[in-house]
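Quick look at coords.cif (mmCIF, C-alpha atoms):
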data_model
loop_
_atom_site.label_atom_id
_atom_site.label_comp_id
_atom_site.auth_asym_id
_atom_site.auth_seq_id
_atom_site.Cartn_x
_atom_site.Cartn_y
_atom_site.Cartn_z
CA MET A 1 -46.13 8.01 92.03
CA ARG A 2 -46.35 11.43 90.47
CA SER A 3 -49.69 12.82 89.35
CA SER A 4 -50.11 12.75 85.60
CA GLY A 5 -52.44 14.83 83.44
CA ARG A 6 -54.91 11.97 83.28
CA PHE A 7 -54.92 11.54 87.06
CA ARG A 8 -55.69 15.26 87.35
CA TYR A 9 -58.62 14.97 84.91
CA ARG A 10 -59.95 11.94 86.76
CA SER A 11 -59.77 13.62 90.18
CA LEU A 12 -61.43 16.78 88.87
CA GLY A 13 -64.05 14.68 87.09
CA TYR A 14 -64.92 12.78 90.27
CA LEU A 15 -65.08 16.09 92.19
CA PHE A 16 -67.62 17.49 89.70
CA LEU A 17 -69.57 14.23 89.67
CA GLY A 18 -69.70 14.32 93.47
CA LEU A 19 -70.77 17.99 93.50
CA GLY A 20 -73.49 17.23 90.96
CA ALA A 21 -74.78 14.22 92.91
CA VAL A 22 -74.77 16.10 96.25
CA GLY A 23 -76.54 19.10 94.68
CA PHE A 24 -79.12 16.77 93.13
CA VAL A 25 -79.84 15.05 96.46
CA VAL A 26 -79.96 18.41 98.34
CA SER A 27 -82.39 19.89 95.80
CA ILE A 28 -84.72 16.87 96.21
CA ILE A 29 -84.52 16.64 100.03
CA PHE A 30 -84.89 20.37 100.70
CA GLY A 31 -87.17 21.06 97.72
CA THR A 32 -84.88 23.70 96.20
CA PRO A 33 -85.14 23.29 92.42
CA ALA A 34 -82.84 26.30 91.92
CA ILE A 35 -79.85 24.05 92.78
CA LEU A 36 -80.96 21.41 90.29
CA ALA A 37 -79.71 23.20 87.15
CA PRO A 38 -76.12 23.90 88.37
CA SER A 39 -75.95 20.38 89.84
CA PHE A 40 -76.92 18.83 86.54
CA ALA A 41 -74.37 21.03 84.75
CA ALA A 42 -71.65 20.00 87.25
CA PHE A 43 -72.60 16.34 86.74
CA LEU A 44 -72.24 16.65 82.95
CA ILE A 45 -68.86 18.39 83.27
CA GLY A 46 -67.77 15.62 85.66
CA VAL A 47 -68.78 12.97 83.12
CA LEU A 48 -66.79 14.77 80.41
CA LEU A 49 -63.68 15.08 82.58
CA ALA A 50 -63.87 11.44 83.69
CA TYR A 51 -64.24 10.41 80.04
CA LEU A 52 -61.27 12.58 79.09
CA SER A 53 -59.12 10.82 81.70
CA LEU A 54 -59.63 7.57 79.77
CA MET A 55 -58.25 9.07 76.56
CA PRO A 56 -54.50 9.19 75.83
CA THR A 57 -53.06 12.69 76.21
CA VAL A 58 -51.11 12.40 72.97
CA PRO A 59 -52.91 10.63 70.12
CA SER A 60 -51.08 7.55 68.85
CA GLN A 61 -51.23 8.88 65.27
CA LEU A 62 -49.33 12.01 66.36
CA VAL A 63 -46.47 9.93 67.80
CA ALA A 64 -46.38 7.78 64.66
CA GLY A 65 -46.38 10.86 62.43
CA ALA A 66 -43.54 12.42 64.41
CA LEU A 67 -41.29 9.35 64.54
CA MET A 68 -41.91 7.35 61.37
CA PRO A 69 -39.74 9.42 58.97
CA THR A 70 -36.73 8.98 61.31
CA MET A 71 -37.49 5.28 61.74
CA ASN A 72 -37.78 4.86 57.96
CA ASN A 73 -34.34 6.46 57.52
CA LEU A 74 -32.87 4.13 60.15
CA GLU A 75 -34.56 1.14 58.51
CA ALA A 76 -33.05 2.09 55.13
CA LEU A 77 -29.63 2.38 56.77
CA PHE A 78 -29.98 -1.07 58.38
CA LYS A 79 -31.10 -2.53 55.06
CA ASN A 80 -28.07 -1.08 53.28
CA LEU A 81 -25.79 -2.41 56.02
CA GLN A 82 -27.44 -5.84 55.65
CA VAL A 83 -28.46 -6.17 59.27
CA ASN A 84 -29.90 -9.67 59.61
CA ASP A 85 -29.05 -10.73 63.15
CA TYR A 86 -30.76 -9.94 66.44
CA ALA A 87 -29.53 -7.00 68.50
CA THR A 88 -27.89 -7.33 71.89
CA TYR A 89 -28.55 -4.87 74.71
CA VAL A 90 -25.51 -4.06 76.80
CA GLY A 91 -25.43 -2.15 80.07
CA PRO A 92 -22.81 0.23 81.41
CA ARG A 93 -19.82 -1.75 82.72
CA ASP A 94 -16.17 -1.01 83.24
CA ARG A 95 -15.24 -3.81 80.89
CA ASN A 96 -16.99 -2.35 77.86
CA LYS A 97 -16.34 1.28 78.88
CA LEU A 98 -19.95 2.25 78.30
CA THR A 99 -21.55 4.92 80.42
CA SER A 100 -25.15 4.16 79.53
CA LEU A 101 -27.35 1.43 78.05
CA ARG A 102 -26.62 0.68 74.41
CA VAL A 103 -27.91 -1.70 71.79
CA PHE A 104 -25.36 -3.55 69.68
CA ILE A 105 -26.58 -4.36 66.19
CA PRO A 106 -24.26 -6.86 64.50
CA LEU A 107 -23.54 -6.47 60.80
CA SER A 108 -23.29 -9.43 58.48
CA SER A 109 -19.79 -10.50 57.39
CA ASP A 110 -20.70 -9.55 53.81
CA ALA A 111 -21.53 -6.04 54.90
CA ASN A 112 -18.29 -5.80 56.88
CA SER A 113 -16.24 -6.70 53.85
CA LYS A 114 -17.96 -4.06 51.73
CA LEU A 115 -17.61 -1.24 54.24
CA PRO A 116 -14.89 1.36 53.68
CA LYS A 117 -13.17 0.63 56.99
CA SER A 118 -10.87 3.63 56.86
CA LYS A 119 -13.87 5.96 57.12
CA ILE A 120 -15.47 4.23 60.07
CA THR A 121 -14.93 5.76 63.47
CA ASP A 122 -14.93 3.71 66.65
CA LYS A 123 -17.78 5.85 67.94
CA ILE A 124 -20.20 4.11 65.62
CA LEU A 125 -18.67 0.82 64.58
CA ILE A 126 -17.16 -1.26 67.35
CA THR A 127 -16.03 -4.78 68.08
CA LEU A 128 -18.07 -6.50 70.76
CA ASP A 129 -16.02 -8.29 73.42
CA ASN A 130 -13.07 -8.52 70.99
CA ARG A 131 -14.63 -11.46 69.21
CA GLY A 132 -14.28 -9.87 65.83
CA VAL A 133 -17.98 -9.07 65.45
CA ASN A 134 -18.51 -5.65 64.01
CA GLY A 135 -21.70 -3.73 64.35
CA LEU A 136 -23.45 -0.55 65.31
CA LEU A 137 -23.61 0.59 68.89
CA LEU A 138 -26.65 2.83 69.29
CA ASP A 139 -29.02 4.24 71.89
CA PRO A 140 -31.87 1.70 72.25
CA PRO A 141 -35.28 2.83 70.89
CA GLY A 142 -36.82 2.23 74.32
CA SER A 143 -34.16 3.99 76.43
CA GLY A 144 -36.13 7.26 76.51
CA LEU A 145 -39.24 5.44 77.71
CA LEU A 146 -37.19 3.68 80.41
CA VAL A 147 -36.03 7.07 81.74
CA MET A 148 -39.67 8.27 81.76
CA LEU A 149 -40.80 5.05 83.45
CA GLU A 150 -38.23 5.42 86.23
CA ARG A 151 -39.09 9.09 86.70
CA GLU A 152 -42.88 8.58 86.76
CA SER A 153 -42.95 5.43 88.91
CA GLY A 154 -40.15 6.70 91.16
CA GLN A 155 -38.15 3.46 91.08
CA ASP A 156 -34.73 2.57 89.75
CA VAL A 157 -35.04 -0.57 87.61
CA GLY A 158 -31.34 -1.29 88.24
CA SER A 159 -32.11 -2.01 91.89
CA VAL A 160 -35.01 -4.36 91.09
CA GLU A 161 -34.38 -8.12 91.23
CA LEU A 162 -35.36 -10.13 88.14
CA SER A 163 -38.05 -11.87 90.21
CA GLY A 164 -39.70 -8.50 90.90
CA LEU A 165 -39.27 -7.08 87.41
CA GLN A 166 -42.73 -8.15 86.19
CA GLU A 167 -44.33 -6.17 89.01
CA ALA A 168 -42.02 -3.18 88.53
CA LEU A 169 -42.76 -3.04 84.80
CA ASP A 170 -46.47 -3.48 85.45
CA ASN A 171 -46.34 -0.51 87.84
CA GLY A 172 -44.29 1.56 85.40
CA ILE A 173 -45.77 0.71 81.99
CA VAL A 174 -49.40 -0.03 82.90
CA LYS A 175 -50.08 2.10 85.98
CA SER A 176 -47.69 5.07 85.75
CA LEU A 177 -47.10 5.70 82.05
CA GLU A 178 -50.40 4.03 81.05
CA LEU A 179 -48.66 2.83 77.88
CA ALA A 180 -50.48 -0.50 77.87
CA SER A 181 -53.46 -2.18 79.54
CA SER A 182 -51.64 -5.37 80.58
CA LEU A 183 -48.11 -6.78 80.67
CA HIS A 184 -46.88 -10.32 81.30
CA LEU A 185 -43.19 -11.14 81.61
CA THR A 186 -42.29 -14.78 82.17
CA PHE A 187 -38.90 -16.41 82.64
CA GLU A 188 -37.76 -19.81 81.40
CA ASP A 189 -34.14 -20.57 82.35
CA SER A 190 -32.14 -17.76 80.74
CA LYS A 191 -34.97 -16.73 78.44
CA ALA A 192 -37.72 -14.19 78.98
CA HIS A 193 -41.01 -13.88 77.16
CA LEU A 194 -43.10 -10.74 77.02
CA VAL A 195 -46.75 -10.19 76.13
CA VAL A 196 -48.07 -6.62 76.16
CA GLU A 197 -51.66 -5.74 75.30
CA GLY A 198 -53.54 -2.47 74.81
CA ASP A 199 -50.62 -0.45 73.49
CA ALA A 200 -51.22 3.33 73.63
CA LEU A 201 -48.61 3.78 70.87
CA TRP A 202 -50.20 1.12 68.67
CA GLU A 203 -50.33 3.30 65.55
CA LEU A 204 -46.53 3.70 65.71
CA THR A 205 -46.03 -0.01 66.40
CA ARG A 206 -48.32 -0.99 63.52
CA GLU A 207 -46.49 1.29 61.08
CA LEU A 208 -43.11 0.09 62.35
CA ALA A 209 -44.08 -3.56 61.90
CA GLU A 210 -45.26 -2.79 58.39
CA LYS A 211 -42.60 -0.38 57.14
CA ALA A 212 -39.56 -1.03 59.32
CA PRO A 213 -39.42 -4.81 59.92
CA ILE A 214 -35.69 -4.85 60.69
CA ILE A 215 -36.12 -2.36 63.55
CA CYS A 216 -39.25 -4.10 64.79
CA GLU A 217 -38.06 -7.71 64.61
CA ARG A 218 -34.28 -7.42 65.09
CA VAL A 219 -33.88 -4.45 67.46
CA GLY A 220 -37.35 -4.01 68.97
CA CYS A 221 -40.13 -1.44 68.78
CA PRO A 222 -40.00 1.21 71.55
CA ILE A 223 -42.04 -0.94 73.99
CA CYS A 224 -40.20 -4.24 73.32
CA SER A 225 -36.94 -2.29 73.49
CA LEU A 226 -37.99 -0.67 76.77
CA VAL A 227 -38.44 -4.13 78.30
CA ALA A 228 -35.07 -5.25 76.87
CA CYS A 229 -33.44 -2.20 78.50
CA ALA A 230 -35.18 -2.99 81.80
CA LEU A 231 -34.01 -6.63 81.63
CA THR A 232 -30.43 -5.51 80.93
CA LYS A 233 -30.48 -3.01 83.77
CA SER A 234 -32.13 -5.35 86.27
CA SER A 235 -30.06 -8.48 85.47
CA HIS A 236 -26.75 -6.59 85.00
CA ARG A 237 -26.21 -8.90 82.03
CA ALA A 238 -26.31 -8.47 78.27
CA VAL A 239 -29.68 -9.31 76.74
CA LYS A 240 -30.05 -10.65 73.23
CA PHE A 241 -33.29 -9.80 71.49
CA GLN A 242 -34.91 -12.96 70.10
CA GLY A 243 -37.53 -11.50 67.80
CA ALA A 244 -40.99 -10.02 68.16
CA LYS A 245 -44.47 -10.27 66.69
CA HIS A 246 -47.03 -7.50 66.65
CA TYR A 247 -50.69 -8.16 65.87
CA ASP A 248 -54.18 -7.17 67.11
CA GLY A 249 -52.71 -4.58 69.50
CA LYS A 250 -50.40 -7.19 71.05
CA HIS A 251 -46.60 -7.31 71.42
CA LYS A 252 -45.04 -10.75 71.79
CA SER A 253 -41.27 -10.75 72.13
CA SER A 254 -38.52 -12.98 73.51
CA TYR A 255 -35.16 -12.23 75.06
CA GLU A 256 -32.12 -14.23 76.12
CA LEU A 257 -29.94 -13.23 79.03
CA ILE A 258 -26.29 -13.76 78.09
CA GLY A 259 -22.90 -12.79 79.45
CA MET B 1 -53.28 24.84 77.96
CA ILE B 2 -53.87 22.10 75.38
CA PRO B 3 -56.95 22.30 73.07
CA ARG B 4 -58.99 19.65 74.91
CA GLU B 5 -58.50 21.54 78.20
CA ARG B 6 -59.57 24.78 76.49
CA PHE B 7 -62.61 22.95 75.13
CA ILE B 8 -63.65 21.58 78.53
CA LEU B 9 -63.06 24.95 80.23
CA THR B 10 -65.11 26.82 77.60
CA TYR B 11 -67.92 24.28 77.80
CA ALA B 12 -67.90 24.32 81.62
CA ILE B 13 -68.15 28.15 81.68
CA ILE B 14 -70.99 28.18 79.14
CA VAL B 15 -72.95 25.36 80.81
CA LEU B 16 -72.59 26.71 84.34
CA GLY B 17 -73.53 30.22 83.07
CA THR B 18 -76.61 28.75 81.37
CA ALA B 19 -77.52 26.89 84.57
CA VAL B 20 -77.36 30.12 86.59
CA VAL B 21 -79.46 31.96 83.97
CA PHE B 22 -82.06 29.14 83.95
CA SER B 23 -82.24 29.14 87.74
CA SER B 24 -82.75 32.91 87.82
CA MET B 25 -85.53 32.49 85.21
CA LYS B 26 -87.09 29.76 87.38
CA LEU B 27 -86.77 27.22 84.56
CA PHE B 28 -86.37 23.93 86.38
CA ALA B 29 -87.37 21.32 83.78
CA LEU B 30 -84.45 18.91 83.53
CA GLU B 31 -85.36 17.98 79.94
CA VAL B 32 -84.98 21.58 78.81
CA HIS B 33 -81.63 21.86 80.60
CA PHE B 34 -80.32 18.69 79.02
CA ALA B 35 -81.48 19.71 75.53
CA VAL B 36 -79.79 23.11 75.83
CA TYR B 37 -76.57 21.60 77.25
CA VAL B 38 -76.41 19.11 74.38
CA ILE B 39 -76.88 21.88 71.80
CA GLU B 40 -74.16 23.93 73.52
CA PHE B 41 -71.86 20.90 73.55
CA LEU B 42 -72.33 20.33 69.83
CA VAL B 43 -71.78 24.00 69.01
CA VAL B 44 -68.59 24.28 71.13
CA LEU B 45 -67.32 20.96 69.72
CA GLU B 46 -67.93 22.15 66.17
CA PHE B 47 -66.09 25.39 66.92
CA PHE B 48 -63.03 23.69 68.44
CA GLY B 49 -63.15 20.48 66.38
CA SER B 50 -63.19 22.28 63.02
CA ARG B 51 -59.56 23.21 63.61
CA ARG B 52 -58.45 19.99 65.29
CA LYS B 53 -59.68 16.73 63.86
CA SER B 54 -58.28 14.65 66.73
CA LEU B 55 -60.31 16.67 69.25
CA SER B 56 -63.57 16.00 67.44
CA GLN B 57 -62.59 12.31 67.18
CA VAL B 58 -62.02 12.11 70.95
CA PHE B 59 -65.41 13.66 71.76
CA THR B 60 -67.48 11.98 69.02
CA PRO B 61 -68.66 9.10 71.32
CA VAL B 62 -69.77 11.69 73.93
CA ALA B 63 -71.57 13.70 71.24
CA ILE B 64 -73.36 10.54 70.08
CA ALA B 65 -74.35 9.66 73.67
CA PHE B 66 -75.63 13.21 74.29
CA PHE B 67 -77.50 13.17 70.99
CA LEU B 68 -79.18 9.86 71.84
CA GLY B 69 -80.27 11.37 75.17
CA PHE B 70 -81.59 14.37 73.28
CA LEU B 71 -83.53 12.09 70.90
CA TYR B 72 -85.00 10.24 73.90
CA ILE B 73 -86.24 13.53 75.37
CA VAL B 74 -87.75 14.60 72.05
CA ALA B 75 -89.38 11.18 71.51
CA ASN B 76 -90.72 11.26 75.08
CA GLY B 77 -92.19 14.71 74.43
CA VAL B 78 -93.77 13.64 71.14
CA ILE B 79 -95.27 10.50 72.71
CA GLY B 80 -96.60 12.64 75.60
CA ILE B 81 -98.27 15.06 73.14
CA LEU B 82 -99.74 12.22 71.06
CA THR B 83 -101.17 10.39 74.09
CA THR B 84 -102.78 13.57 75.51
CA THR B 85 -104.37 14.52 72.16
CA HIS B 86 -105.88 11.04 71.61
#
I'd like the structure from this file rewritten - as structure tokens, please.
Amino acid sequence: MRSSGRFRYRSLGYLFLGLGAVGFVVSIIFGTPAILAPSFAAFLIGVLLAYLSLMPTVPSQLVAGALMPTMNNLEALFKNLQVNDYATYVGPRDRNKLTSLRVFIPLSSDANSKLPKSKITDKILITLDNRGVNGLLLDPPGSGLLVMLERESGQDVGSVELSGLQEALDNGIVKSLELASSLHLTFEDSKAHLVVEGDALWELTRELAEKAPIICERVGCPICSLVACALTKSSHRAVKFQGAKHYDGKHKSSYELIG
Amino acid sequence: MIPRERFILTYAIIVLGTAVVFSSMKLFALEVHFAVYVIEFLVVLEFFGSRRKSLSQVFTPVAIAFFLGFLYIVANGVIGILTTTH
């Protein structure tokens, strides 16, 4: 596990706390009050650094402020394209000629009939598995976080068995990225259920749930999407998003493994 | 260096400098040290926080805790004075 900024603050904080405590004890045992003042100062600095390690490095409001305009644009696009079905996450396979994880967002048949098909390129609008379902094939909202998770925790999710995915995600999301305080992923036949609490990006999630319901409920917020990407990569199967609810700092989402 | 790191570094330099000055002046009363450190914290926080609202938000709980400690010291001093005069 690589050392993050917060880990650095915590270590430095404990070092100062230790120095302060040792100086305090030495000044009492040897009767040297001259050490007392610097020891007390070191102790206070240690407390501040340890406190700082508990705070997120980037405030949640900053992330929300940076991403919401883009998300609002995407939401408006989905609304105009009448997206009303759940998205499907597909991994790179020879069969679908994809080189990286993608999310397939099906368009309603009404929307398909209204679209000027001559202007649509196959880079954006594709047919999934030749079943005549048209939709958008995009980078998943959580794909960037998945890359960060793999880099920070030093593990490739693709090599993790589904049975060990809960632990891998707990290591990555809770312990390495410190994105959430707890994560529970349970499996029931071909379905998976996720509960995430203590979201560090809650301000973004809250605004997404309020202003971009199609993205949040049909495609997934960045954290729900990150787990969908991890499920796709770990199971080597397509994963259909089955909806999500966000309230009181909690994410509750469901997925179905298909294909 | 991000603002909160600059804040901590500035405060650490000021506090450790004050501690050295107090030691050289043979001022060893812990209450005086704490009161001065709290005042320094509030001044440095005001200086940095006036330009970054999020920084002052992050350190507001610490400022409140320090201020409560400061109030305790003052109250202790006042009670001490009152009990010795009566």
Taking only C-alpha atoms into account, find every residue of chain A that has an atom no more than 7 Å from chain B, and write it out as a tab-separated table (two decimals) with C-alpha atoms, keeping the file's coordinate frame.
chain	number	residue	atom	x	y	z
A	33	PRO	CA	-85.14	23.29	92.42
A	34	ALA	CA	-82.84	26.30	91.92
A	37	ALA	CA	-79.71	23.20	87.15
A	38	PRO	CA	-76.12	23.90	88.37
A	41	ALA	CA	-74.37	21.03	84.75
A	45	ILE	CA	-68.86	18.39	83.27
Once the PyMOL selection byres ((chain A and resi 151) around 12) has been evaluated on this model, what residues remain selected, and can you format them as a list of chain:residue names?
A:Met1, A:Arg2, A:Ser3, A:Ser4, A:Gly144, A:Leu145, A:Leu146, A:Val147, A:Met148, A:Leu149, A:Glu150, A:Glu152, A:Ser153, A:Gly154, A:Gln155, A:Asp156, A:Val157, A:Gly172, A:Ile173, A:Ser176, A:Leu177
Could you save the residues just selected, with C-alpha atoms, as a PDB file, keeping the file's coordinate frame?
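So the final result, stored in out16.pdb, reads:
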ATOM      1  CA  MET A   1     -46.130   8.010  92.030  1.00  0.00           C
ATOM      2  CA  ARG A   2     -46.350  11.430  90.470  1.00  0.00           C
ATOM      3  CA  SER A   3     -49.690  12.820  89.350  1.00  0.00           C
ATOM      4  CA  SER A   4     -50.110  12.750  85.600  1.00  0.00           C
ATOM      5  CA  GLY A 144     -36.130   7.260  76.510  1.00  0.00           C
ATOM      6  CA  LEU A 145     -39.240   5.440  77.710  1.00  0.00           C
ATOM      7  CA  LEU A 146     -37.190   3.680  80.410  1.00  0.00           C
ATOM      8  CA  VAL A 147     -36.030   7.070  81.740  1.00  0.00           C
ATOM      9  CA  MET A 148     -39.670   8.270  81.760  1.00  0.00           C
ATOM     10  CA  LEU A 149     -40.800   5.050  83.450  1.00  0.00           C
ATOM     11  CA  GLU A 150     -38.230   5.420  86.230  1.00  0.00           C
ATOM     12  CA  GLU A 152     -42.880   8.580  86.760  1.00  0.00           C
ATOM     13  CA  SER A 153     -42.950   5.430  88.910  1.00  0.00           C
ATOM     14  CA  GLY A 154     -40.150   6.700  91.160  1.00  0.00           C
ATOM     15  CA  GLN A 155     -38.150   3.460  91.080  1.00  0.00           C
ATOM     16  CA  ASP A 156     -34.730   2.570  89.750  1.00  0.00           C
ATOM     17  CA  VAL A 157     -35.040  -0.570  87.610  1.00  0.00           C
ATOM     18  CA  GLY A 172     -44.290   1.560  85.400  1.00  0.00           C
ATOM     19  CA  ILE A 173     -45.770   0.710  81.990  1.00  0.00           C
ATOM     20  CA  SER A 176     -47.690   5.070  85.750  1.00  0.00           C
ATOM     21  CA  LEU A 177     -47.100   5.700  82.050  1.00  0.00           C
TER      22      LEU A 177
END
If you apply the PyMOL selection byres ((chain B and resi 71-83) around 10) to this file, what residues do you get, as a short mmCIF file (atom, residue, chain, number, x, y, z; two decimals) with C-alpha atoms, in the coordinates of the input?
data_model
loop_
_atom_site.label_atom_id
_atom_site.label_comp_id
_atom_site.auth_asym_id
_atom_site.auth_seq_id
_atom_site.Cartn_x
_atom_site.Cartn_y
_atom_site.Cartn_z
CA LEU B 30 -84.45 18.91 83.53
CA GLU B 31 -85.36 17.98 79.94
CA VAL B 32 -84.98 21.58 78.81
CA PHE B 34 -80.32 18.69 79.02
CA ALA B 35 -81.48 19.71 75.53
CA ALA B 65 -74.35 9.66 73.67
CA PHE B 66 -75.63 13.21 74.29
CA PHE B 67 -77.50 13.17 70.99
CA LEU B 68 -79.18 9.86 71.84
CA GLY B 69 -80.27 11.37 75.17
CA PHE B 70 -81.59 14.37 73.28
CA THR B 84 -102.78 13.57 75.51
CA THR B 85 -104.37 14.52 72.16
CA HIS B 86 -105.88 11.04 71.61
#
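In this comparison, which uses all atoms listed in the file, the residue of A:Val196, A:Leu231, A:Val219, A:Leu138 approaching Val160 of chain A most closely is A:Leu231.
Of the residues under consideration (A:Phe40, A:Cys221, A:Val174, A:Asp139), A:Cys221 shows the shortest atom-to-atom contact distance to Arg206 of chain A when counting only C-alpha atoms.
Straight-line separation from atom CA of Cys224 of chain A to atom CA of Ala66 of chain A: 19.2 Å.
You can rank A:Pro69, A:Gly158, A:Gly249, A:Pro222 by their closest distance to Glu197 of chain A using only C-alpha atoms, and at the top of that list sits A:Gly249.
Residues lying within 8 Å of Val44 of chain B, counting all atoms listed in the file and ignoring same-chain neighbours fewer than 2 positions away, are Phe7, Thr10, Tyr11, Glu40, Phe41, Leu42, Glu46, Phe47 and Phe48 of chain B.
Closest approach to Tyr9 of chain A from the set A:Leu185, A:Val25, A:Ala42, A:Leu52 is made by A:Leu52, with distances taken over only C-alpha atoms.
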Interatomic distance between atom CA of Val63 of chain A and atom CA of Leu179 of chain A?
12.5 Å
Selection: 12 Å around Glu188 of chain A, all atoms listed in the file, excl. self and same-chain fewer than 2 positions, as a ChimeraX atom specification
/A:163,185-186,190-194,254-257
The PyMOL selection byres ((chain A and resi 233-238) around 10) resolved against shown file, as number ranges by chain
A: 88-93, 100-104, 156-165, 227-232, 239-241, 256-259
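Applying the 12 Å criterion to (-43.4, 0.4, 55.2) in file coordinates and using only C-alpha atoms, one obtains the residues Met68, Pro69, Met71, Asn72, Asn73, Glu75, Ala76, Leu204, Thr205, Arg206, Glu207, Leu208, Ala209, Glu210, Lys211, Ala212, Pro213, Ile214, Ile215 and Cys216 of chain A.
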Could you please take those selected residues and save C-alpha atoms as a short mmCIF file (atom, residue, chain, number, x, y, z; two decimals), in the frame of the given file?
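Output file part26.cif follows:
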data_model
loop_
_atom_site.label_atom_id
_atom_site.label_comp_id
_atom_site.auth_asym_id
_atom_site.auth_seq_id
_atom_site.Cartn_x
_atom_site.Cartn_y
_atom_site.Cartn_z
CA MET A 68 -41.91 7.35 61.37
CA PRO A 69 -39.74 9.42 58.97
CA MET A 71 -37.49 5.28 61.74
CA ASN A 72 -37.78 4.86 57.96
CA ASN A 73 -34.34 6.46 57.52
CA GLU A 75 -34.56 1.14 58.51
CA ALA A 76 -33.05 2.09 55.13
CA LEU A 204 -46.53 3.70 65.71
CA THR A 205 -46.03 -0.01 66.40
CA ARG A 206 -48.32 -0.99 63.52
CA GLU A 207 -46.49 1.29 61.08
CA LEU A 208 -43.11 0.09 62.35
CA ALA A 209 -44.08 -3.56 61.90
CA GLU A 210 -45.26 -2.79 58.39
CA LYS A 211 -42.60 -0.38 57.14
CA ALA A 212 -39.56 -1.03 59.32
CA PRO A 213 -39.42 -4.81 59.92
CA ILE A 214 -35.69 -4.85 60.69
CA ILE A 215 -36.12 -2.36 63.55
CA CYS A 216 -39.25 -4.10 64.79
#
Which distance in Å separates atom CA of Gln61 of chain A and atom CA of His251 of chain A, to one decimal?
17.9 Å
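If all atoms listed in the file are the atoms counted, then among B:Ser50, B:Val36, B:Ala63, B:Leu45 the closest residue to Arg6 of chain B is B:Leu45.
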Model the absent atoms of segment 147-162 of chain A so that N, CA and C atoms are present, and write the result as a compact mmCIF listing (two decimals), in the frame of the given file.
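Just written: out-v1.txt:
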# COMPACT_ATOMS: atom_id res chain seq x y z
N VAL A 147 -36.31 5.90 80.88
CA VAL A 147 -36.03 7.07 81.74
C VAL A 147 -37.36 7.64 82.25
N MET A 148 -38.36 7.75 81.35
CA MET A 148 -39.67 8.27 81.76
C MET A 148 -40.34 7.35 82.78
N LEU A 149 -40.20 6.03 82.54
CA LEU A 149 -40.80 5.05 83.45
C LEU A 149 -40.21 5.19 84.86
N GLU A 150 -38.88 5.31 84.92
CA GLU A 150 -38.23 5.42 86.23
C GLU A 150 -38.62 6.74 86.93
N ARG A 151 -38.74 7.79 86.13
CA ARG A 151 -39.09 9.09 86.70
C ARG A 151 -40.54 9.09 87.21
N GLU A 152 -41.46 8.55 86.40
CA GLU A 152 -42.88 8.58 86.76
C GLU A 152 -43.22 7.62 87.90
N SER A 153 -42.61 6.41 87.86
CA SER A 153 -42.95 5.43 88.91
C SER A 153 -42.06 5.60 90.14
N GLY A 154 -41.02 6.43 90.02
CA GLY A 154 -40.15 6.70 91.16
C GLY A 154 -39.32 5.51 91.61
N GLN A 155 -38.99 4.60 90.70
CA GLN A 155 -38.15 3.46 91.08
C GLN A 155 -37.02 3.27 90.07
N ASP A 156 -35.88 2.84 90.60
CA ASP A 156 -34.73 2.57 89.75
C ASP A 156 -34.76 1.09 89.37
N VAL A 157 -34.92 0.83 88.08
CA VAL A 157 -35.04 -0.57 87.61
C VAL A 157 -33.75 -1.34 87.91
N GLY A 158 -32.63 -0.65 87.96
CA GLY A 158 -31.34 -1.29 88.24
C GLY A 158 -31.29 -1.94 89.62
N SER A 159 -32.12 -1.44 90.54
CA SER A 159 -32.11 -2.01 91.89
C SER A 159 -33.22 -3.06 92.08
N VAL A 160 -33.93 -3.36 91.01
CA VAL A 160 -35.01 -4.36 91.09
C VAL A 160 -34.47 -5.73 90.72
N GLU A 161 -34.79 -6.74 91.54
CA GLU A 161 -34.38 -8.12 91.23
C GLU A 161 -35.19 -8.62 90.03
N LEU A 162 -34.63 -9.59 89.30
CA LEU A 162 -35.36 -10.13 88.14
C LEU A 162 -36.72 -10.70 88.53
